[in-house]
There are 4 protein chains.
Amino acid sequence: MPSEVVSLTGHIIDSLTLSKVLDIILRDGGQYRIRRFEIGETRNDTSHAEIIVSAPDTTTLERILHQIGQHGAERAVGEAEVEPAPADGVLPAGFYVTTNLETHVRWKERWIPVEPIEMDCAIVISGNPGEETATSVPMHRVRRGDRIVVGDRGVRVTPLERLEPTDVFSFMGSEVSTERPKERIIAAIVQAMQEARDAGRRILFVGGPAIVHTGAARSLEAIIRAGWIDVLFAGNALAVHDIEQALYGTSLGVDLNTGNHRAHGHEHHLRAINTIRSIGSIRKAVEQGIVTRGILHACITCGTDFVLAGSIRDDGPLPEVITDVVQAQDAMRERVRGVGVALMVATTLHSIATGNLLPATVRTLCVDSDPNTVIKLMDRGTHQAFGLVTDCEFFLKELAARLPGVIP
Amino acid sequence: MPSEVVSLTGHIIDSLTLSKVLDIILRDGGQYRIRRFEIGETRNDTSHAEIIVSAPDTTTLERILHQIGQHGAERAVGEAEVEPAPADGVLPAGFYVTTNLETHVRWKERWIPVEPIEMDCAIVISGNPGEETATSVPMHRVRRGDRIVVGDRGVRVTPLERLEPTDVFSFMGSEVSTERPKERIIAAIVQAMQEARDAGRRILFVGGPAIVHTGAARSLEAIIRAGWIDVLFAGNALAVHDIEQALYGTSLGVDLNTGNHRAHGHEHHLRAINTIRSIGSIRKAVEQGIVTRGILHACITCGTDFVLAGSIRDDGPLPEVITDVVQAQDAMRERVRGVGVALMVATTLHSIATGNLLPATVRTLCVDSDPNTVIKLMDRGTHQAFGLVTDCEFFLKELAARLPGVIP
Amino acid sequence: MPSEVVSLTGHIIDSLTLSKVLDIILRDGGQYRIRRFEIGETRNDTSHAEIIVSAPDTTTLERILHQIGQHGAERAVGEAEVEPAPADGVLPAGFYVTTNLETHVRWKERWIPVEPIEMDCAIVISGNPGEETATSVPMHRVRRGDRIVVGDRGVRVTPLERLEPTDVFSFMGSEVSTERPKERIIAAIVQAMQEARDAGRRILFVGGPAIVHTGAARSLEAIIRAGWIDVLFAGNALAVHDIEQALYGTSLGVDLNTGNHRAHGHEHHLRAINTIRSIGSIRKAVEQGIVTRGILHACITCGTDFVLAGSIRDDGPLPEVITDVVQAQDAMRERVRGVGVALMVATTLHSIATGNLLPATVRTLCVDSDPNTVIKLMDRGTHQAFGLVTDCEFFLKELAARLPGVIP
Amino acid sequence: MPSEVVSLTGHIIDSLTLSKVLDIILRDGGQYRIRRFEIGETRNDTSHAEIIVSAPDTTTLERILHQIGQHGAERAVGEAEVEPAPADGVLPAGFYVTTNLETHVRWKERWIPVEPIEMDCAIVISGNPGEETATSVPMHRVRRGDRIVVGDRGVRVTPLERLEPTDVFSFMGSEVSTERPKERIIAAIVQAMQEARDAGRRILFVGGPAIVHTGAARSLEAIIRAGWIDVLFAGNALAVHDIEQALYGTSLGVDLNTGNHRAHGHEHHLRAINTIRSIGSIRKAVEQGIVTRGILHACITCGTDFVLAGSIRDDGPLPEVITDVVQAQDAMRERVRGVGVALMVATTLHSIATGNLLPATVRTLCVDSDPNTVIKLMDRGTHQAFGLVTDCEFFLKELAARLPGVIP
């Protein structure tokens, strides 16, 4: 019966890692014996375990080693293996698939970090001998001949530490529930945003059109003007309704002051798009004084970067919208570098798309009135996301009220 | 082919009544001819139509006449027929089933109003000859020998007028959507509450335990203290969590200031119930200074009436809870008299139970984070309800901020 | 006070059109007097009304006439006015915005139909003198100099007739409720599909990836193989999971026979994409015998047309996916011609995108486990959609069992 | 700094128990040192840890010891302490609050089991010296002078073992998701029901009225007739609609064969109630041949026990309905003894009420089209419940098709 020794080091009790590893071994048809076990005496000490893993055949054993490797169980170190990409946009068959966790590759007897890390990518080794770097690369950006890591020998993944019980995010847990006091959560977000700011990390806001429909745009606009958002991801719809509101005071024809449907109002969004297309761009409309307020006005006048990504339900679209989704993804990919906090508000599509691009270390809050949005985001791998099931109108109003320097 | 002439009078075009009546006739297998039609020239004038309804047989015709009678189509007037109730709590087989719309009964050549009106009841005629009154009575309160209206001859139902387009509630329509600016709706509720108050009508609040879990209790407490609520309907759970919060500062063990789970906290609600049971009642606990704050403290000290109705998921329950559901329903039934505005917040069970008791003329707002609650309420006959899909925390905070005289 | 006479003809009582028109006039600040009124005696006869509309000023009057024109109220006929498009992709400021209802344009003293009709487009008049045709054109396809209809003079919209009470779809109403017997609804869909087929109209299926996750793909595959679907709209995700299942027997790594997570399974979808990219296309993978089953295999081998439209959350994507959303929309637009029945299952994005392209006469069924998807679709203008809140697994299994010729 | 030694024994790594215990100590302000640690070599061996827990003060220490005691951490054994109940229905202030996990009490130097166990109760010690038994008793059933356990000294709770990875229920995990293949889950339920049956344990079915509305009643009826259900919990509504269907073929007036609203149909449920009230009971109506089919007919003719519990939204109610909620709870409490599998379908209220009464060892499946129902059930302490988000119509049809001996 083939077997191999792996070792696990860290807060492996506390982080549930040991339990998970043992469970995977049994689930996938293996056996284990704990050969050595040293438990840390206090929370600050690390524990160490050596585990003999055996399985009925080599294939099963390899599969198990691969799985538990994802949780930090390292086997006797070997070098990473690479194979060249067979064509542009195509990977070698056995390519290693990345997670969104911190990852290192063993290359010429040193561990080199994969930077940036992004889930569901391949790892490319590049650079001159002795100066190699490792990068996660999405399939479509691979070029023929790129050296791609295959198998999982020589790849080390560092599991996410559990948050300290006193951490500002930890009390939220991963529960998705509407029945919790929300003001305290919003206070925690404010603190996380301030910490990110102090640490020189950027703040990303991902938003859907309901922000405008519900009248919450004015709060978001104020937050942007106060300098709290470094980059905004949205779609054509948010931008259209924002501009409709700037030009007509309505969103999808509903007057945001009176709540009434304005006559002809359902045509406003098309007329707004047409106006911007005739001027050439949102930026020009702002510069020429045609658009004088709103979320995008705030972005353009305050230097907040933004990506408007297209979707098949778009009208128009507006000139700044990137209609090719692969290009849009790349534009987002470029801008998530250095992000420390991501706020995702009232959009399933853009939240999941952004979650796919973020390292697991980014503090991520997903706000939606529908618990399913949050559940889907976590189901698709963005496990670090905290869900807040509430109204975006309420959330942004409260956030604006609590963030220093925001003038409502 | 049997036929009968019916007449329809009122804003029958405008209120869609004529269309519905014609539709029912065809749907149920009848034919019609419009014999006479006078349309009002302006909105203020009433229209009048005489329609010949025919059907293949008498049973079908009677069924159609019954149906369209519910929409105000009267046939050549006849006297209402009555039969005695055969036993306590049992109605004669053909008993007329009430709607929640204004209803009159033809009795000894005059129209007497059914007061109060409640859906899914029978009509009892009582009183001395010449002084008869008509009352809607739920099945369980009928006594053997009561004179019960059977069939629908001699019963006239007045359809609800559509709201004026300028009415404070009308712009809400019956749409149930999260994507609308909510502040305007809350302003409309405030105005409706003021109008009810000015007209000498009472304001009913129906609430669920999420009001306490989310930290919204302080807003509701302030609204009660300012005198805006005349009667509160709730269950054991809302009261238990309210008292838990008053005694321990937690709700289901979650500290409402920090959002953290308090040690032993999950036991607080049972200890709170036990404390009140040992004292004898919530009222005594307030009077003895044991409970010094909260929703029920506000009710008891400000003279706001309340009904706590039991359910099978109750712990305890608290002494004031009415554990017999039929008695609880009767206690609620008694207190809906004179109500002009009903606010239903974060409870499906109590909202539907209350909706069953209310005349259709009561302005009813149902607030829930789940659109299904609102849909269910309307599905079950409370068609006049307006739905607001949002967080109760936000709703009550905004309502408290906008109601005159509320000290947050 | 300016005024104008308009006339309304048709089943204007029955279809609620008269009521709506009168209501709009009052709501928007106008007055009316009914000058003439002839009501049809039976359901088959049409009614006719002449209404004098007046308003405080010309702007208000024009706005009202525009609004009620959308419901078929015609004023003294005038010719449609056109203006040239000022640039490619830009419309003249006052362009007429289309609905999804049957529309005619008055041009040189004859009424010419707008074909095809699509909501939120402009109308272009083209062709040689005397042979002009009218077409609805989305903004981005307009070319400089195209003759675009402006204002609403000379445009006639025919409201959708209400369905006969005996129609197969009519009993569904527009209620969105989970609490209805679904088998009867499915029988109605089957009948509608047969009627469409008999009338030479095409059947469109719009699907989301949950069809594969839930194991319903086998039913859809069988329906396609039996020739019931003419065209399929989906995204990269449905196709990826379908191919993952064909290659590995899993969907997102879950074994569809055992329900268990397969080891390494979360990587399958990426390996499936890479395999297809290395072959060049799904079609080639089918032709080369690499993909031997599944939804797309059925489409390719049975000649069912399909459009795979990209979105920003896509991995890969697969070679056949159209990554430019405007091109994808145009590919869908082209294929909705001649569609008689549209089934939309388990996708919000693709359902709304498709709904935007369909004439209101297409029988549209939207199936989703979340009532919000259906509500959103109708909120965005696809009023003809019927909602069925259920599991796609159940729906497709039942549909496959009831459609003639399907071999499960 | 006060400290105490506790010991933990069992599959404490595997079951995550050790991690939880250490976490609680830190969270609640304590410190720990692992004094001794013996890890089991294989999955079958148990592990053992001795932990020194210290805290700044005695109160904190006691609180921590109490908390970790809930997870099986025992301190130097002491006898349980009891105090007499001060009045009927009132507990001594420091009463021990039960969980739904297996529990023993140390009494006169032996461990006696608490039977039956139910969450949120007190423990009563009764019986003659030397023959004492321990019982969990809900607050309202306590009698003055009963010996109630106070504090948590001498109480031992056995955590639930995690299910074997190969167990029929384990693959479901606790995920609540609509996007999973459901047929496999239903197969697992069938197996669990067979295992319960073989082990001599009873099967409980808890159902809501949507079972009748959706047309699923015929499947449930067939399952009952085949002898698969030992006891049914429901409310007035399920029974009323079931009888309405038996008498009229409709549910809330909707014809379950055609899906159409039947004329007068909305009155059927009241007429059905009145009919049964005039006969005296559902049982008599079955015996007299008035009710000849349906769920309750199946229960009564096949000897399946049932409890119909009242709620404030009930019409009527039917004679068998227990209108006092405390009595209804007691009737349910009595019947959960010996239950091995509980199926909860399409009811939030009855599911939560039943979950409160069940030991954690009962295999519990909660089926609802709304994920929130499942989330709420688990939030309220029924952690062992597995959620299946789907249509009850589909679920029951599939279940009937797969259970041996069911004749559809």
# chains A, B, ... in the order shown; residues from 1 in each chain; ligands from 1

call {"tool": "residues_around", "arguments": {"residues": "segment 309-323 of chain D", "least_positions_apart": "3", "cutoff": "9 Å", "atoms": "only C-alpha atoms", "output": "VMD selection string"}}
result
(chain B and resid 89 120 138 to 140 309 to 312 323 to 329 349 to 354 356) or (chain D and resid 233 to 237 239 to 240 269 to 270 273 to 274 276 to 277 280 to 283 326 to 329 331 to 332 350)

call {"tool": "residues_around", "arguments": {"residues": "Lys182 of chain A", "least_positions_apart": "2", "cutoff": "10 Å", "atoms": "only C-alpha atoms", "output": "mmCIF file with C-alpha atoms, in the first residue's frame"}}
result
data_model
loop_
_atom_site.group_PDB
_atom_site.id
_atom_site.type_symbol
_atom_site.label_atom_id
_atom_site.label_comp_id
_atom_site.auth_asym_id
_atom_site.auth_seq_id
_atom_site.Cartn_x
_atom_site.Cartn_y
_atom_site.Cartn_z
ATOM 1 C CA THR A 178 -31.316 39.607 8.003
ATOM 2 C CA GLU A 179 -32.023 39.436 11.697
ATOM 3 C CA ARG A 180 -28.992 41.163 13.108
ATOM 4 C CA ARG A 184 -22.623 47.709 14.416
ATOM 5 C CA ILE A 185 -21.621 46.010 11.180
ATOM 6 C CA ILE A 186 -21.484 49.338 9.405
ATOM 7 C CA ALA A 187 -19.225 50.683 12.149
ATOM 8 C CA ALA A 188 -16.906 47.736 11.518
ATOM 9 C CA LEU A 388 -25.083 41.891 4.871
ATOM 10 C CA VAL A 389 -28.678 41.395 3.856
ATOM 11 C CA THR A 390 -30.213 44.823 3.717
ATOM 12 C CA PHE A 394 -30.041 52.215 4.152
ATOM 13 C CA PHE A 395 -26.508 50.857 3.964
ATOM 14 C CA GLU A 398 -25.551 54.994 7.191
ATOM 15 C CA HIS B 213 -33.110 41.454 16.867
ATOM 16 C CA THR B 214 -32.167 44.181 14.427
ATOM 17 C CA GLY B 215 -32.021 46.867 17.091
ATOM 18 C CA ALA B 216 -35.095 48.667 15.760
ATOM 19 C CA LEU B 256 -27.369 44.867 20.666
ATOM 20 C CA GLY B 259 -23.304 42.775 17.918
ATOM 21 C CA ASP B 391 -35.327 46.294 6.471
ATOM 22 C CA GLU B 393 -34.500 48.641 11.174
ATOM 23 C CA PHE B 394 -34.312 51.235 8.429
#

call {"tool": "select_by_dssp", "arguments": {"residues": "segment 319-385 of chain A", "states": "helix (DSSP H, G or I)", "output": "PDB file with N, CA and C atoms, in the first residue's frame"}}
result
ATOM      1  N   VAL A 325     -16.257  41.478 -23.077  1.00  0.00           N
ATOM      2  CA  VAL A 325     -16.209  41.090 -21.664  1.00  0.00           C
ATOM      3  C   VAL A 325     -14.822  40.629 -21.236  1.00  0.00           C
ATOM      4  N   VAL A 326     -14.046  40.088 -22.149  1.00  0.00           N
ATOM      5  CA  VAL A 326     -12.691  39.664 -21.790  1.00  0.00           C
ATOM      6  C   VAL A 326     -11.818  40.900 -21.548  1.00  0.00           C
ATOM      7  N   GLN A 327     -11.978  41.900 -22.399  1.00  0.00           N
ATOM      8  CA  GLN A 327     -11.255  43.149 -22.166  1.00  0.00           C
ATOM      9  C   GLN A 327     -11.714  43.812 -20.864  1.00  0.00           C
ATOM     10  N   ALA A 328     -12.999  43.767 -20.615  1.00  0.00           N
ATOM     11  CA  ALA A 328     -13.522  44.382 -19.384  1.00  0.00           C
ATOM     12  C   ALA A 328     -12.930  43.689 -18.159  1.00  0.00           C
ATOM     13  N   GLN A 329     -12.900  42.363 -18.214  1.00  0.00           N
ATOM     14  CA  GLN A 329     -12.310  41.582 -17.122  1.00  0.00           C
ATOM     15  C   GLN A 329     -10.846  41.965 -16.916  1.00  0.00           C
ATOM     16  N   ASP A 330     -10.127  42.119 -18.006  1.00  0.00           N
ATOM     17  CA  ASP A 330      -8.719  42.494 -17.887  1.00  0.00           C
ATOM     18  C   ASP A 330      -8.573  43.895 -17.278  1.00  0.00           C
ATOM     19  N   ALA A 331      -9.473  44.784 -17.656  1.00  0.00           N
ATOM     20  CA  ALA A 331      -9.410  46.133 -17.087  1.00  0.00           C
ATOM     21  C   ALA A 331      -9.676  46.082 -15.583  1.00  0.00           C
ATOM     22  N   MET A 332     -10.592  45.208 -15.161  1.00  0.00           N
ATOM     23  CA  MET A 332     -10.879  45.053 -13.725  1.00  0.00           C
ATOM     24  C   MET A 332      -9.689  44.393 -13.036  1.00  0.00           C
ATOM     25  N   ARG A 333      -9.155  43.378 -13.674  1.00  0.00           N
ATOM     26  CA  ARG A 333      -8.019  42.613 -13.137  1.00  0.00           C
ATOM     27  C   ARG A 333      -6.856  43.554 -12.776  1.00  0.00           C
ATOM     28  N   GLU A 334      -6.624  44.476 -13.686  1.00  0.00           N
ATOM     29  CA  GLU A 334      -5.512  45.415 -13.505  1.00  0.00           C
ATOM     30  C   GLU A 334      -5.738  46.308 -12.281  1.00  0.00           C
ATOM     31  N   ARG A 335      -7.006  46.623 -12.046  1.00  0.00           N
ATOM     32  CA  ARG A 335      -7.303  47.603 -11.001  1.00  0.00           C
ATOM     33  C   ARG A 335      -7.539  46.996  -9.624  1.00  0.00           C
ATOM     34  N   THR A 348     -25.330  41.112  -8.392  1.00  0.00           N
ATOM     35  CA  THR A 348     -24.840  39.739  -8.352  1.00  0.00           C
ATOM     36  C   THR A 348     -23.736  39.534  -9.385  1.00  0.00           C
ATOM     37  N   LEU A 349     -23.997  39.963 -10.598  1.00  0.00           N
ATOM     38  CA  LEU A 349     -23.061  39.705 -11.697  1.00  0.00           C
ATOM     39  C   LEU A 349     -21.696  40.338 -11.431  1.00  0.00           C
ATOM     40  N   HIS A 350     -21.685  41.600 -11.123  1.00  0.00           N
ATOM     41  CA  HIS A 350     -20.401  42.285 -10.929  1.00  0.00           C
ATOM     42  C   HIS A 350     -19.707  41.821  -9.648  1.00  0.00           C
ATOM     43  N   SER A 351     -20.487  41.450  -8.636  1.00  0.00           N
ATOM     44  CA  SER A 351     -19.873  40.963  -7.392  1.00  0.00           C
ATOM     45  C   SER A 351     -19.152  39.649  -7.632  1.00  0.00           C
ATOM     46  N   ILE A 352     -19.792  38.730  -8.314  1.00  0.00           N
ATOM     47  CA  ILE A 352     -19.151  37.442  -8.566  1.00  0.00           C
ATOM     48  C   ILE A 352     -17.944  37.634  -9.480  1.00  0.00           C
ATOM     49  N   ALA A 353     -18.104  38.454 -10.509  1.00  0.00           N
ATOM     50  CA  ALA A 353     -16.990  38.694 -11.435  1.00  0.00           C
ATOM     51  C   ALA A 353     -15.797  39.280 -10.689  1.00  0.00           C
ATOM     52  N   THR A 354     -16.059  40.195  -9.780  1.00  0.00           N
ATOM     53  CA  THR A 354     -14.962  40.809  -9.029  1.00  0.00           C
ATOM     54  C   THR A 354     -14.386  39.830  -8.022  1.00  0.00           C
ATOM     55  N   GLY A 355     -15.267  39.097  -7.344  1.00  0.00           N
ATOM     56  CA  GLY A 355     -14.800  38.093  -6.383  1.00  0.00           C
ATOM     57  C   GLY A 355     -13.822  37.124  -7.022  1.00  0.00           C
ATOM     58  N   ASN A 356     -14.073  36.761  -8.267  1.00  0.00           N
ATOM     59  CA  ASN A 356     -13.163  35.849  -8.982  1.00  0.00           C
ATOM     60  C   ASN A 356     -11.749  36.401  -9.088  1.00  0.00           C
ATOM     61  N   LEU A 357     -11.616  37.715  -9.070  1.00  0.00           N
ATOM     62  CA  LEU A 357     -10.313  38.350  -9.315  1.00  0.00           C
ATOM     63  C   LEU A 357      -9.555  38.673  -8.036  1.00  0.00           C
ATOM     64  N   PRO A 371     -30.692  37.383   0.163  1.00  0.00           N
ATOM     65  CA  PRO A 371     -29.625  36.547   0.719  1.00  0.00           C
ATOM     66  C   PRO A 371     -28.965  35.642  -0.322  1.00  0.00           C
ATOM     67  N   ASN A 372     -29.681  35.324  -1.387  1.00  0.00           N
ATOM     68  CA  ASN A 372     -29.099  34.436  -2.392  1.00  0.00           C
ATOM     69  C   ASN A 372     -27.865  35.005  -3.064  1.00  0.00           C
ATOM     70  N   THR A 373     -27.807  36.317  -3.229  1.00  0.00           N
ATOM     71  CA  THR A 373     -26.636  36.925  -3.860  1.00  0.00           C
ATOM     72  C   THR A 373     -25.392  36.609  -3.057  1.00  0.00           C
ATOM     73  N   VAL A 374     -25.504  36.753  -1.741  1.00  0.00           N
ATOM     74  CA  VAL A 374     -24.365  36.513  -0.875  1.00  0.00           C
ATOM     75  C   VAL A 374     -23.991  35.027  -0.893  1.00  0.00           C
ATOM     76  N   ILE A 375     -25.014  34.170  -0.837  1.00  0.00           N
ATOM     77  CA  ILE A 375     -24.758  32.731  -0.850  1.00  0.00           C
ATOM     78  C   ILE A 375     -24.044  32.334  -2.143  1.00  0.00           C
ATOM     79  N   LYS A 376     -24.501  32.881  -3.265  1.00  0.00           N
ATOM     80  CA  LYS A 376     -23.873  32.553  -4.549  1.00  0.00           C
ATOM     81  C   LYS A 376     -22.422  33.003  -4.593  1.00  0.00           C
ATOM     82  N   LEU A 377     -22.169  34.179  -4.090  1.00  0.00           N
ATOM     83  CA  LEU A 377     -20.797  34.703  -4.110  1.00  0.00           C
ATOM     84  C   LEU A 377     -19.867  33.761  -3.357  1.00  0.00           C
ATOM     85  N   MET A 378     -20.299  33.300  -2.188  1.00  0.00           N
ATOM     86  CA  MET A 378     -19.453  32.414  -1.390  1.00  0.00           C
ATOM     87  C   MET A 378     -19.371  31.025  -2.028  1.00  0.00           C
ATOM     88  N   ASP A 379     -20.472  30.543  -2.567  1.00  0.00           N
ATOM     89  CA  ASP A 379     -20.470  29.254  -3.283  1.00  0.00           C
ATOM     90  C   ASP A 379     -19.439  29.226  -4.404  1.00  0.00           C
TER      91      ASP A 379
END

call {"tool": "closest_residue", "arguments": {"among": "C:Lys284, C:Arg402, C:Arg63, C:Arg35", "to": "chain B", "atoms": "only C-alpha atoms"}}
result
C:Arg35

call {"tool": "residues_around", "arguments": {"residues": "Glu83 of chain A", "least_positions_apart": "6", "cutoff": "9 Å", "atoms": "only C-alpha atoms", "output": "PyMOL selection string"}}
result
chain A and resi 91-92+94-95+145-150

call {"tool": "closest_residue", "arguments": {"among": "A:His104, A:Arg33, A:His268, A:His241", "to": "Ile125 of chain A", "atoms": "only C-alpha atoms"}}
result
A:His104

call {"tool": "residues_around", "arguments": {"residues": "Thr59 of chain B", "least_positions_apart": "5", "cutoff": "12 Å", "atoms": "only C-alpha atoms", "output": "number ranges by chain"}}
result
B: 1-3, 28-30, 54, 64-66; D: 263

call {"tool": "closest_residue", "arguments": {"among": "A:His297, A:Arg262, A:Arg143, A:Arg36", "to": "chain C", "atoms": "only C-alpha atoms"}}
result
A:Arg262

call {"tool": "closest_residue", "arguments": {"among": "D:Ala401, D:Arg218, D:Glu183, D:Phe306", "to": "chain C", "atoms": "only C-alpha atoms"}}
result
D:Glu183
